[in-house]
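Trainee: Below you'll find model.pdb; it's PDB, C-alpha atoms and all ligand atoms.
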MODEL        1
ATOM      1  CA  MET A 671     -85.355 -14.625-150.222
ATOM      2  CA  THR A 672     -88.565 -16.223-149.037
ATOM      3  CA  GLY A 673     -89.476 -19.822-148.397
ATOM      4  CA  MET A 674     -86.286 -20.485-146.469
ATOM      5  CA  ALA A 675     -87.983 -21.040-143.139
ATOM      6  CA  THR A 676     -86.008 -23.670-141.305
ATOM      7  CA  GLY A 677     -87.277 -26.528-139.240
ATOM      8  CA  LYS A 678     -89.895 -29.097-139.768
ATOM      9  CA  VAL A 679     -93.517 -28.258-140.528
ATOM     10  CA  LEU A 680     -96.404 -29.612-138.471
ATOM     11  CA  GLY A 681     -99.874 -29.290-140.001
ATOM     12  CA  LEU A 682    -102.180 -27.783-137.368
ATOM     13  CA  ARG A 683    -105.880 -28.455-137.730
ATOM     14  CA  ILE A 684    -108.575 -27.082-135.426
ATOM     15  CA  ASP A 685    -112.034 -28.697-135.439
ATOM     16  CA  VAL A 686    -115.016 -26.682-134.220
ATOM     17  CA  ASP A 687    -117.883 -29.031-133.403
ATOM     18  CA  THR A 688    -120.219 -27.083-131.099
ATOM     19  CA  HIS A 689    -121.777 -23.665-130.492
ATOM     20  CA  ASP A 690    -119.831 -23.219-127.262
ATOM     21  CA  GLY A 691    -116.609 -24.299-128.981
ATOM     22  CA  MET A 692    -117.154 -21.600-131.609
ATOM     23  CA  LYS A 693    -118.201 -18.931-129.123
ATOM     24  CA  SER A 694    -115.683 -19.516-126.322
ATOM     25  CA  GLY A 695    -113.039 -21.953-127.586
ATOM     26  CA  VAL A 696    -112.124 -20.274-130.872
ATOM     27  CA  PRO A 697    -111.300 -16.866-129.302
ATOM     28  CA  VAL A 698    -109.105 -18.603-126.707
ATOM     29  CA  LEU A 699    -107.270 -20.521-129.437
ATOM     30  CA  LEU A 700    -106.800 -17.363-131.514
ATOM     31  CA  ASP A 701    -105.142 -15.715-128.509
ATOM     32  CA  VAL A 702    -102.914 -18.741-127.863
ATOM     33  CA  PHE A 703    -101.890 -18.884-131.528
ATOM     34  CA  ARG A 704    -101.175 -15.151-131.696
ATOM     35  CA  GLU A 705     -98.946 -15.369-128.604
ATOM     36  CA  SER A 706     -97.152 -18.395-130.058
ATOM     37  CA  GLY A 707     -96.879 -16.914-133.557
ATOM     38  CA  VAL A 708     -98.636 -19.966-134.990
ATOM     39  CA  LYS A 709    -101.134 -20.373-137.862
ATOM     40  CA  GLY A 710    -103.491 -23.268-138.503
ATOM     41  CA  THR A 711    -106.533 -24.444-140.447
ATOM     42  CA  PHE A 712    -109.892 -24.077-138.674
ATOM     43  CA  TYR A 713    -112.680 -26.417-139.791
ATOM     44  CA  LEU A 714    -116.047 -24.970-138.846
ATOM     45  CA  SER A 715    -119.327 -26.704-138.209
ATOM     46  CA  MET A 716    -121.775 -24.273-139.767
ATOM     47  CA  GLY A 717    -125.290 -25.430-138.859
ATOM     48  CA  PRO A 718    -127.206 -26.829-135.887
ATOM     49  CA  ASP A 719    -125.427 -28.032-132.758
ATOM     50  CA  ASN A 720    -127.106 -31.365-132.082
ATOM     51  CA  SER A 721    -124.414 -32.523-129.629
ATOM     52  CA  GLY A 722    -127.093 -33.405-127.117
ATOM     53  CA  LYS A 723    -128.140 -36.286-129.346
ATOM     54  CA  ALA A 724    -124.912 -37.983-128.224
ATOM     55  CA  ILE A 725    -126.619 -38.594-124.883
ATOM     56  CA  PHE A 726    -128.893 -41.090-126.562
ATOM     57  CA  ASN A 727    -125.879 -42.980-127.849
ATOM     58  CA  VAL A 728    -125.223 -44.063-124.283
ATOM     59  CA  LEU A 729    -127.995 -46.541-124.808
ATOM     60  CA  ARG A 730    -126.670 -47.760-128.137
ATOM     61  CA  ARG A 731    -122.900 -47.726-127.792
ATOM     62  CA  PRO A 732    -121.038 -49.898-125.343
ATOM     63  CA  GLY A 733    -118.204 -48.004-123.696
ATOM     64  CA  PHE A 734    -119.575 -44.559-124.458
ATOM     65  CA  LEU A 735    -120.426 -43.727-120.868
ATOM     66  CA  GLY A 736    -116.917 -44.692-119.785
ATOM     67  CA  LYS A 737    -115.450 -42.463-122.458
ATOM     68  CA  MET A 738    -117.641 -39.553-121.368
ATOM     69  CA  ARG A 739    -116.374 -40.045-117.831
ATOM     70  CA  ARG A 740    -112.715 -40.388-118.822
ATOM     71  CA  THR A 741    -112.747 -37.318-121.026
ATOM     72  CA  GLY A 742    -114.850 -35.347-118.532
ATOM     73  CA  ALA A 743    -117.301 -34.579-121.338
ATOM     74  CA  ALA A 744    -119.898 -33.064-119.019
ATOM     75  CA  ARG A 745    -117.287 -30.633-117.705
ATOM     76  CA  VAL A 746    -115.822 -29.871-121.127
ATOM     77  CA  TYR A 747    -118.995 -29.479-123.087
ATOM     78  CA  GLY A 748    -121.268 -28.099-120.397
ATOM     79  CA  LEU A 749    -124.839 -28.947-119.712
ATOM     80  CA  ARG A 750    -126.261 -26.589-122.354
ATOM     81  CA  THR A 751    -124.311 -28.349-125.099
ATOM     82  CA  LEU A 752    -125.254 -31.797-123.842
ATOM     83  CA  LEU A 753    -128.914 -30.834-124.061
ATOM     84  CA  SER A 754    -128.585 -29.028-127.408
ATOM     85  CA  GLY A 755    -130.839 -30.556-130.024
ATOM     86  CA  THR A 756    -132.642 -32.764-127.525
ATOM     87  CA  LEU A 757    -134.360 -31.168-124.543
ATOM     88  CA  LEU A 758    -133.344 -27.676-125.684
ATOM     89  CA  PRO A 759    -133.433 -26.393-129.275
ATOM     90  CA  ALA A 760    -130.278 -26.827-131.355
ATOM     91  CA  ARG A 761    -128.219 -23.618-131.589
ATOM     92  CA  MET A 762    -126.497 -22.783-134.843
ATOM     93  CA  ILE A 763    -122.681 -22.864-134.776
ATOM     94  CA  ALA A 764    -120.667 -20.669-137.224
ATOM     95  CA  VAL A 765    -123.872 -19.320-138.785
ATOM     96  CA  ALA A 766    -124.786 -17.796-135.414
ATOM     97  CA  LEU A 767    -121.280 -16.401-134.785
ATOM     98  CA  PRO A 768    -120.050 -14.925-138.104
ATOM     99  CA  ASP A 769    -117.845 -12.268-136.477
ATOM    100  CA  ILE A 770    -115.797 -14.937-134.714
ATOM    101  CA  ALA A 771    -115.565 -16.890-137.977
ATOM    102  CA  ARG A 772    -114.245 -13.809-139.804
ATOM    103  CA  ARG A 773    -111.743 -13.120-137.027
ATOM    104  CA  ILE A 774    -110.108 -16.481-137.823
ATOM    105  CA  VAL A 775    -109.280 -15.381-141.375
ATOM    106  CA  ALA A 776    -108.483 -11.786-140.363
ATOM    107  CA  GLU A 777    -105.785 -13.148-138.040
ATOM    108  CA  GLY A 778    -104.102 -15.021-140.877
ATOM    109  CA  HIS A 779    -105.462 -18.532-140.372
ATOM    110  CA  GLU A 780    -107.072 -20.739-142.968
ATOM    111  CA  ALA A 781    -110.801 -21.554-142.600
ATOM    112  CA  GLY A 782    -112.691 -24.443-144.135
ATOM    113  CA  VAL A 783    -115.941 -26.370-143.822
ATOM    114  CA  HIS A 784    -116.303 -29.128-141.238
ATOM    115  CA  ALA A 785    -120.039 -29.833-141.347
ATOM    116  CA  TRP A 786    -123.581 -28.602-141.646
ATOM    117  CA  ASP A 787    -124.964 -30.920-138.921
ATOM    118  CA  HIS A 788    -121.884 -32.624-137.409
ATOM    119  CA  ARG A 789    -123.841 -34.999-135.224
ATOM    120  CA  ARG A 790    -126.182 -36.197-137.964
ATOM    121  CA  TRP A 791    -123.314 -36.816-140.394
ATOM    122  CA  GLN A 792    -121.206 -38.626-137.836
ATOM    123  CA  ASP A 793    -124.049 -40.866-136.651
ATOM    124  CA  LYS A 794    -125.844 -41.503-139.928
ATOM    125  CA  LEU A 795    -123.657 -41.022-143.020
ATOM    126  CA  PRO A 796    -123.992 -44.586-144.409
ATOM    127  CA  ARG A 797    -127.782 -44.336-144.080
ATOM    128  CA  LEU A 798    -128.143 -40.847-145.595
ATOM    129  CA  SER A 799    -129.588 -40.661-149.110
ATOM    130  CA  ASP A 800    -127.406 -39.267-151.900
ATOM    131  CA  ASN A 801    -129.600 -36.163-151.832
ATOM    132  CA  GLU A 802    -129.020 -35.616-148.164
ATOM    133  CA  VAL A 803    -125.243 -36.099-148.436
ATOM    134  CA  ALA A 804    -125.255 -33.453-151.172
ATOM    135  CA  SER A 805    -127.487 -31.148-149.159
ATOM    136  CA  GLN A 806    -125.406 -31.466-145.966
ATOM    137  CA  LEU A 807    -122.283 -30.448-147.900
ATOM    138  CA  GLY A 808    -124.092 -27.870-150.035
ATOM    139  CA  ARG A 809    -125.767 -26.094-147.121
ATOM    140  CA  ALA A 810    -122.465 -25.904-145.264
ATOM    141  CA  ARG A 811    -120.752 -24.512-148.360
ATOM    142  CA  ARG A 812    -123.458 -21.873-148.921
ATOM    143  CA  ALA A 813    -123.305 -20.831-145.261
ATOM    144  CA  PHE A 814    -119.511 -20.478-145.545
ATOM    145  CA  ILE A 815    -119.869 -18.268-148.650
ATOM    146  CA  GLU A 816    -122.476 -16.167-146.847
ATOM    147  CA  ILE A 817    -120.000 -15.445-144.039
ATOM    148  CA  PHE A 818    -116.727 -15.115-145.963
ATOM    149  CA  LYS A 819    -118.010 -13.904-149.365
ATOM    150  CA  ALA A 820    -115.762 -16.516-150.971
ATOM    151  CA  PRO A 821    -116.098 -20.289-151.505
ATOM    152  CA  PRO A 822    -114.277 -22.648-149.118
ATOM    153  CA  ARG A 823    -111.014 -24.081-150.447
ATOM    154  CA  THR A 824    -110.980 -27.015-148.064
ATOM    155  CA  PHE A 825    -113.406 -29.406-146.325
ATOM    156  CA  ALA A 826    -112.895 -31.898-143.474
ATOM    157  CA  ALA A 827    -115.530 -34.583-142.914
ATOM    158  CA  PRO A 828    -116.853 -34.831-139.325
ATOM    159  CA  ALA A 829    -115.231 -37.582-137.265
ATOM    160  CA  TRP A 830    -112.979 -38.514-140.244
ATOM    161  CA  PHE A 831    -115.999 -40.196-141.684
ATOM    162  CA  GLY A 832    -116.486 -39.790-145.421
ATOM    163  CA  ASP A 833    -117.430 -42.004-148.328
ATOM    164  CA  GLU A 834    -117.160 -42.079-152.115
ATOM    165  CA  ARG A 835    -120.180 -39.811-152.429
ATOM    166  CA  SER A 836    -118.720 -37.085-150.243
ATOM    167  CA  LEU A 837    -115.350 -37.320-152.027
ATOM    168  CA  GLN A 838    -117.071 -36.967-155.413
ATOM    169  CA  ILE A 839    -119.080 -33.926-154.306
ATOM    170  CA  GLU A 840    -115.932 -32.274-152.927
ATOM    171  CA  GLU A 841    -114.275 -32.940-156.284
ATOM    172  CA  TRP A 842    -117.067 -30.953-157.991
ATOM    173  CA  TYR A 843    -116.391 -28.071-155.594
ATOM    174  CA  GLU A 844    -112.838 -27.865-157.007
ATOM    175  CA  LEU A 845    -111.257 -27.610-153.578
ATOM    176  CA  GLU A 846    -107.544 -27.073-153.121
ATOM    177  CA  TYR A 847    -107.538 -30.098-150.844
ATOM    178  CA  ALA A 848    -109.616 -31.917-148.239
ATOM    179  CA  SER A 849    -108.824 -33.507-144.869
ATOM    180  CA  ASP A 850    -111.482 -36.213-144.602
ATOM    181  CA  CYS A 851    -109.478 -39.099-143.255
ATOM    182  CA  ARG A 852    -106.670 -40.400-141.052
ATOM    183  CA  GLY A 853    -103.468 -41.521-142.680
ATOM    184  CA  SER A 854     -99.748 -40.888-142.834
ATOM    185  CA  GLU A 855     -99.130 -38.436-145.705
ATOM    186  CA  PRO A 856    -100.896 -36.352-148.401
ATOM    187  CA  PHE A 857    -102.237 -38.455-151.290
ATOM    188  CA  LEU A 858    -104.793 -38.613-154.112
ATOM    189  CA  PRO A 859    -107.817 -40.824-153.376
ATOM    190  CA  VAL A 860    -108.871 -43.334-156.028
ATOM    191  CA  ILE A 861    -112.564 -44.061-156.497
ATOM    192  CA  GLY A 862    -113.973 -46.302-159.209
ATOM    193  CA  GLY A 863    -110.424 -46.975-160.418
ATOM    194  CA  LYS A 864    -109.754 -43.296-161.064
ATOM    195  CA  ALA A 865    -107.653 -40.857-159.023
ATOM    196  CA  LEU A 866    -109.437 -37.687-157.966
ATOM    197  CA  ALA A 867    -107.805 -34.289-158.471
ATOM    198  CA  THR A 868    -108.556 -33.178-154.880
ATOM    199  CA  PRO A 869    -105.689 -34.237-152.605
ATOM    200  CA  GLN A 870    -106.336 -35.505-149.121
ATOM    201  CA  VAL A 871    -104.175 -34.079-146.321
ATOM    202  CA  PRO A 872    -104.927 -36.616-143.585
ATOM    203  CA  ALA A 873    -104.660 -36.102-139.861
ATOM    204  CA  THR A 874    -101.741 -38.320-138.874
ATOM    205  CA  LEU A 875    -101.464 -37.916-135.090
ATOM    206  CA  PRO A 876    -103.855 -39.030-132.347
ATOM    207  CA  THR A 877    -106.132 -36.444-130.727
ATOM    208  CA  LEU A 878    -106.224 -35.483-127.055
ATOM    209  CA  ASP A 879    -109.669 -36.996-126.524
ATOM    210  CA  GLU A 880    -108.517 -40.306-128.037
ATOM    211  CA  ALA A 881    -105.420 -40.333-125.831
ATOM    212  CA  LEU A 882    -107.294 -39.508-122.615
ATOM    213  CA  GLY A 883    -109.649 -42.379-123.316
ATOM    214  CA  ASP A 884    -106.829 -44.781-124.064
ATOM    215  CA  THR A 885    -103.082 -44.167-123.807
ATOM    216  CA  HIS A 886    -102.645 -41.186-121.452
ATOM    217  CA  THR A 887    -104.190 -39.966-118.210
ATOM    218  CA  GLU A 888    -102.597 -36.492-118.345
ATOM    219  CA  ALA A 889    -102.907 -33.988-121.186
ATOM    220  CA  ARG A 890     -99.332 -32.802-120.612
ATOM    221  CA  ALA A 891     -97.928 -36.313-121.103
ATOM    222  CA  PHE A 892     -99.921 -36.653-124.313
ATOM    223  CA  PHE A 893     -98.566 -33.374-125.714
ATOM    224  CA  ASP A 894     -95.055 -34.350-124.645
ATOM    225  CA  SER A 895     -95.357 -37.530-126.712
ATOM    226  CA  MET A 896     -96.667 -35.468-129.640
ATOM    227  CA  LEU A 897     -93.402 -33.490-129.724
ATOM    228  CA  ASP A 898     -91.551 -36.677-130.655
ATOM    229  CA  ALA A 899     -94.324 -37.963-132.904
ATOM    230  CA  ALA A 900     -94.362 -34.678-134.867
ATOM    231  CA  THR A 901     -90.622 -34.963-135.431
ATOM    232  CA  SER A 902     -90.569 -38.584-136.520
ATOM    233  CA  ALA A 903     -93.537 -38.478-138.948
ATOM    234  CA  ALA A 904     -92.844 -37.392-142.535
ATOM    235  CA  TRP A 905     -95.852 -35.059-142.946
ATOM    236  CA  PRO A 906     -97.409 -34.791-139.472
ATOM    237  CA  VAL A 907    -100.845 -33.238-138.930
ATOM    238  CA  LEU A 908    -102.149 -32.612-135.407
ATOM    239  CA  THR A 909    -105.869 -32.019-134.784
ATOM    240  CA  VAL A 910    -107.039 -30.002-131.780
ATOM    241  CA  HIS A 911    -110.634 -29.262-130.773
ATOM    242  CA  ALA A 912    -112.006 -25.827-129.906
ATOM    243  CA  GLU A 913    -113.984 -27.490-127.105
ATOM    244  CA  LEU A 914    -110.901 -29.090-125.487
ATOM    245  CA  GLU A 915    -107.664 -27.222-126.299
ATOM    246  CA  GLY A 916    -109.681 -23.972-126.471
ATOM    247  CA  GLY A 917    -111.259 -24.898-123.112
ATOM    248  CA  PRO A 918    -109.824 -26.712-120.095
ATOM    249  CA  TYR A 919    -106.645 -27.790-121.944
ATOM    250  CA  ALA A 920    -105.607 -24.385-123.341
ATOM    251  CA  ALA A 921    -102.562 -24.190-121.031
ATOM    252  CA  ASP A 922    -101.411 -27.624-122.196
ATOM    253  CA  LEU A 923    -101.654 -26.565-125.831
ATOM    254  CA  ARG A 924     -99.683 -23.378-125.109
ATOM    255  CA  TRP A 925     -97.032 -25.518-123.389
ATOM    256  CA  PHE A 926     -96.879 -27.787-126.451
ATOM    257  CA  LEU A 927     -96.511 -24.874-128.885
ATOM    258  CA  GLU A 928     -93.648 -23.385-126.839
ATOM    259  CA  ARG A 929     -91.789 -26.714-126.765
ATOM    260  CA  ALA A 930     -92.448 -27.287-130.466
ATOM    261  CA  ARG A 931     -90.862 -23.935-131.269
ATOM    262  CA  GLU A 932     -87.806 -24.733-129.147
ATOM    263  CA  ARG A 933     -87.394 -27.899-131.185
ATOM    264  CA  GLY A 934     -87.670 -26.057-134.501
ATOM    265  CA  THR A 935     -91.072 -27.551-135.332
ATOM    266  CA  ARG A 936     -93.216 -24.990-137.139
ATOM    267  CA  PRO A 937     -97.035 -25.425-136.946
ATOM    268  CA  VAL A 938     -98.638 -24.368-140.250
ATOM    269  CA  PRO A 939    -102.067 -24.460-141.951
ATOM    270  CA  LEU A 940    -102.689 -27.706-143.838
ATOM    271  CA  GLY A 941    -102.583 -25.859-147.170
ATOM    272  CA  GLU A 942     -99.018 -24.821-146.385
ATOM    273  CA  LEU A 943     -98.020 -28.373-145.451
ATOM    274  CA  LEU A 944     -99.396 -29.558-148.813
ATOM    275  CA  LYS A 945     -97.384 -26.871-150.622
ATOM    276  CA  ALA A 946     -94.225 -28.012-148.836
ATOM    277  CA  ARG A 947     -95.009 -31.604-149.837
ATOM    278  CA  ARG A 948     -95.581 -30.620-153.482
ATOM    279  CA  ALA A 949     -92.326 -28.626-153.465
ATOM    280  CA  THR A 950     -90.403 -31.885-153.030
ATOM    281  CA  GLY A 951     -91.263 -32.580-156.701
ATOM    282  CA  ASN A 952     -92.392 -36.154-155.975
ATOM    283  CA  PRO A 953     -95.927 -36.818-157.255
ATOM    284  CA  LEU A 954     -98.535 -37.550-154.582
ATOM    285  CA  PRO A 955     -99.216 -41.274-154.144
ATOM    286  CA  GLN A 956    -102.624 -42.610-155.212
ATOM    287  CA  ARG A 957    -104.583 -44.682-152.717
ATOM    288  CA  ALA A 958    -107.865 -46.580-152.647
ATOM    289  CA  MET A 959    -110.044 -45.664-149.668
ATOM    290  CA  GLY A 960    -111.363 -47.847-146.874
ATOM    291  CA  TYR A 961    -112.117 -47.792-143.170
ATOM    292  CA  GLY A 962    -110.119 -48.713-140.108
ATOM    293  CA  ALA A 963    -110.034 -48.357-136.336
ATOM    294  CA  VAL A 964    -108.080 -45.758-134.361
ATOM    295  CA  PRO A 965    -107.135 -46.463-130.714
ATOM    296  CA  GLY A 966    -109.342 -44.551-128.278
ATOM    297  CA  ARG A 967    -112.003 -43.683-130.855
ATOM    298  CA  HIS A 968    -115.358 -45.383-131.208
ATOM    299  CA  GLY A 969    -116.117 -47.079-134.517
ATOM    300  CA  THR A 970    -114.095 -46.773-137.692
ATOM    301  CA  VAL A 971    -112.665 -43.839-139.626
ATOM    302  CA  PHE A 972    -112.010 -43.201-143.313
ATOM    303  CA  MET A 973    -108.419 -44.025-144.298
ATOM    304  CA  PRO A 974    -106.330 -44.968-147.337
ATOM    305  CA  GLN A 975    -105.676 -48.671-147.867
ATOM    306  CA  GLY A 976    -102.251 -50.204-148.335
TER     307      GLY A 976
HETATM  308 ZN    ZN B   1    -115.530 -32.636-135.511
ENDMDL
END
Show the structure stored in the file as structure tokens.

Mentor:
Amino acid sequence: MTGMATGKVLGLRIDVDTHDGMKSGVPVLLDVFRESGVKGTFYLSMGPDNSGKAIFNVLRRPGFLGKMRRTGAARVYGLRTLLSGTLLPARMIAVALPDIARRIVAEGHEAGVHAWDHRRWQDKLPRLSDNEVASQLGRARRAFIEIFKAPPRTFAAPAWFGDERSLQIEEWYELEYASDCRGSEPFLPVIGGKALATPQVPATLPTLDEALGDTHTEARAFFDSMLDAATSAAWPVLTVHAELEGGPYAADLRWFLERARERGTRPVPLGELLKARRATGNPLPQRAMGYGAVPGRHGTVFMPQG
């Protein structure tokens, strides 16, 4: 009999934001996950790596320099990434590394679309024209199909920053689900008084970079607190970054996955968490969307209201 896996599920989401994260971080994570017997959902940035443009935010965003220092961004991202799209040409991310992208799916993980141009979306979404919102999503989707020969079944907006336009376009793509926001449980977003058919599976737990800028000074202490948080939340989803947990914090992630297994917590792709939620037989709640702050993260993120 199948489907009798015991223990609690933990949705595991991996965001890939940069060329170096795709090239070096993803293979490290795949090795860690294989050793730990864990599967997750990888969200890939497809197009240009304009991370270097973040440097110019130092001038515009109070506190950014402090955050860069606290998270050791120069060490994590490397000089090439920090200059990408500014003093050096932007390198493509998944588009330039299709073999690594295909390895994700070949090893039994789920893959979805994170972005075409992560940086541009994250910095400019409210000011992008409707045409550009559609073209950012459409180019990413076409690039995904080019690599995988199949349409993506899930999207995750960069920096948990979406709007009604991006939700509507995802609805037209007939996705299985999306993960565009922070929240506490899977739900159906309501726009214009009408519930969409595309469920949201929100990230529920804080990320390492948020914690290091705010609540924790050590990665190990953060992951230790996530063991309890994953147990107490109803439908927990943890987000890791190829650039961080696939880089200098890989040993901390491995430590977390070992402890999670000892506790009977089973990390799964987000699609599997949604299936487990649907199997309870309770309909998904419907929620209007809005924006709110998350400790340790600059600006606001997309989240359900009420
Ligand atoms: Zn991202």

Trainee: Given a cut-off of 12 Å, what residues near ligand ZN 1 (chain B) show up using all atoms listed in the file, put as JSON, numbers by chain?

Mentor: {"A": [683, 684, 685, 686, 687, 688, 691, 692, 712, 713, 714, 715, 716, 719, 721, 783, 784, 785, 786, 787, 788, 789, 790, 791, 792, 793, 825, 826, 827, 828, 829, 830, 831, 849, 850, 851, 877, 879, 909, 910, 911, 912, 913, 914]}

Trainee: Store the residues of this selection in a file with C-alpha atoms, as a short mmCIF file (atom, residue, chain, number, x, y, z; two decimals), in the coordinates of the input.

Mentor:
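Wrote it out as selection_2.cif, contents follow:
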data_model
loop_
_atom_site.label_atom_id
_atom_site.label_comp_id
_atom_site.auth_asym_id
_atom_site.auth_seq_id
_atom_site.Cartn_x
_atom_site.Cartn_y
_atom_site.Cartn_z
CA ARG A 683 -105.88 -28.46 -137.73
CA ILE A 684 -108.58 -27.08 -135.43
CA ASP A 685 -112.03 -28.70 -135.44
CA VAL A 686 -115.02 -26.68 -134.22
CA ASP A 687 -117.88 -29.03 -133.40
CA THR A 688 -120.22 -27.08 -131.10
CA GLY A 691 -116.61 -24.30 -128.98
CA MET A 692 -117.15 -21.60 -131.61
CA PHE A 712 -109.89 -24.08 -138.67
CA TYR A 713 -112.68 -26.42 -139.79
CA LEU A 714 -116.05 -24.97 -138.85
CA SER A 715 -119.33 -26.70 -138.21
CA MET A 716 -121.78 -24.27 -139.77
CA ASP A 719 -125.43 -28.03 -132.76
CA SER A 721 -124.41 -32.52 -129.63
CA VAL A 783 -115.94 -26.37 -143.82
CA HIS A 784 -116.30 -29.13 -141.24
CA ALA A 785 -120.04 -29.83 -141.35
CA TRP A 786 -123.58 -28.60 -141.65
CA ASP A 787 -124.96 -30.92 -138.92
CA HIS A 788 -121.88 -32.62 -137.41
CA ARG A 789 -123.84 -35.00 -135.22
CA ARG A 790 -126.18 -36.20 -137.96
CA TRP A 791 -123.31 -36.82 -140.39
CA GLN A 792 -121.21 -38.63 -137.84
CA ASP A 793 -124.05 -40.87 -136.65
CA PHE A 825 -113.41 -29.41 -146.32
CA ALA A 826 -112.90 -31.90 -143.47
CA ALA A 827 -115.53 -34.58 -142.91
CA PRO A 828 -116.85 -34.83 -139.32
CA ALA A 829 -115.23 -37.58 -137.26
CA TRP A 830 -112.98 -38.51 -140.24
CA PHE A 831 -116.00 -40.20 -141.68
CA SER A 849 -108.82 -33.51 -144.87
CA ASP A 850 -111.48 -36.21 -144.60
CA CYS A 851 -109.48 -39.10 -143.26
CA THR A 877 -106.13 -36.44 -130.73
CA ASP A 879 -109.67 -37.00 -126.52
CA THR A 909 -105.87 -32.02 -134.78
CA VAL A 910 -107.04 -30.00 -131.78
CA HIS A 911 -110.63 -29.26 -130.77
CA ALA A 912 -112.01 -25.83 -129.91
CA GLU A 913 -113.98 -27.49 -127.10
CA LEU A 914 -110.90 -29.09 -125.49
#

Trainee: Just checking: using only C-alpha atoms, which residue out of A:Leu807, A:Leu798, A:Val696, A:Ala891 ends up closest to Ala764 in chain A?

Mentor: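 The closest residue to Ala764 in chain A is A:Val696.
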
Trainee: Quick check, in Å to one decimal: how far apart do CA of Ser799 in chain A and CA of Gly832 in chain A lie?

Mentor: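 For CA of Ser799 in chain A relative to CA of Gly832 in chain A, the distance reads 13.6 Å.
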
Trainee: Residues at most 9 Å from Arg852 in chain A, counting all atoms listed in the file, excluding those fewer than 6 positions away in the same chain, as an MDAnalysis selection string?

Mentor: chainID A and resid 830 871:875 964 971:974

Trainee: Considering all atoms listed in the file, can you say which of A:Thr868, A:Thr885, A:Asn801, A:Ser854 comes closest to Ala900 in chain A?

Mentor: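 Counting all atoms listed in the file, the residue closest to Ala900 in chain A is A:Ser854.
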
Trainee: Considering only C-alpha atoms, state which residue in the set A:Glu932, A:Asp884, A:Glu855, A:Asp894 is at the smallest distance from Ala946 in chain A.

Mentor: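 The answer is A:Glu855, which sits nearest to Ala946 in chain A.
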
Trainee: Please determine, counting all atoms listed in the file, which residue among A:Ile839, A:Leu699, A:Gly782, A:Arg823 has the shortest atom-to-atom distance to Ser805 in chain A.

Mentor: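 Checking each candidate against Ser805 in chain A, we get A:Ile839 as the closest.
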
Trainee: If you measure from CA of Glu942 in chain A to CA of Pro859 in chain A, what distance in Å do you get, rounded to one decimal?

Mentor: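 Pair CA of Glu942 in chain A / CA of Pro859 in chain A returns 19.6 Å.
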
Trainee: Just to confirm, what's the straight-line distance from CA of Ala904 in chain A to CA of Thr950 in chain A in Å (one decimal)?

Mentor: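 For CA of Ala904 in chain A relative to CA of Thr950 in chain A, the distance reads 12.1 Å.
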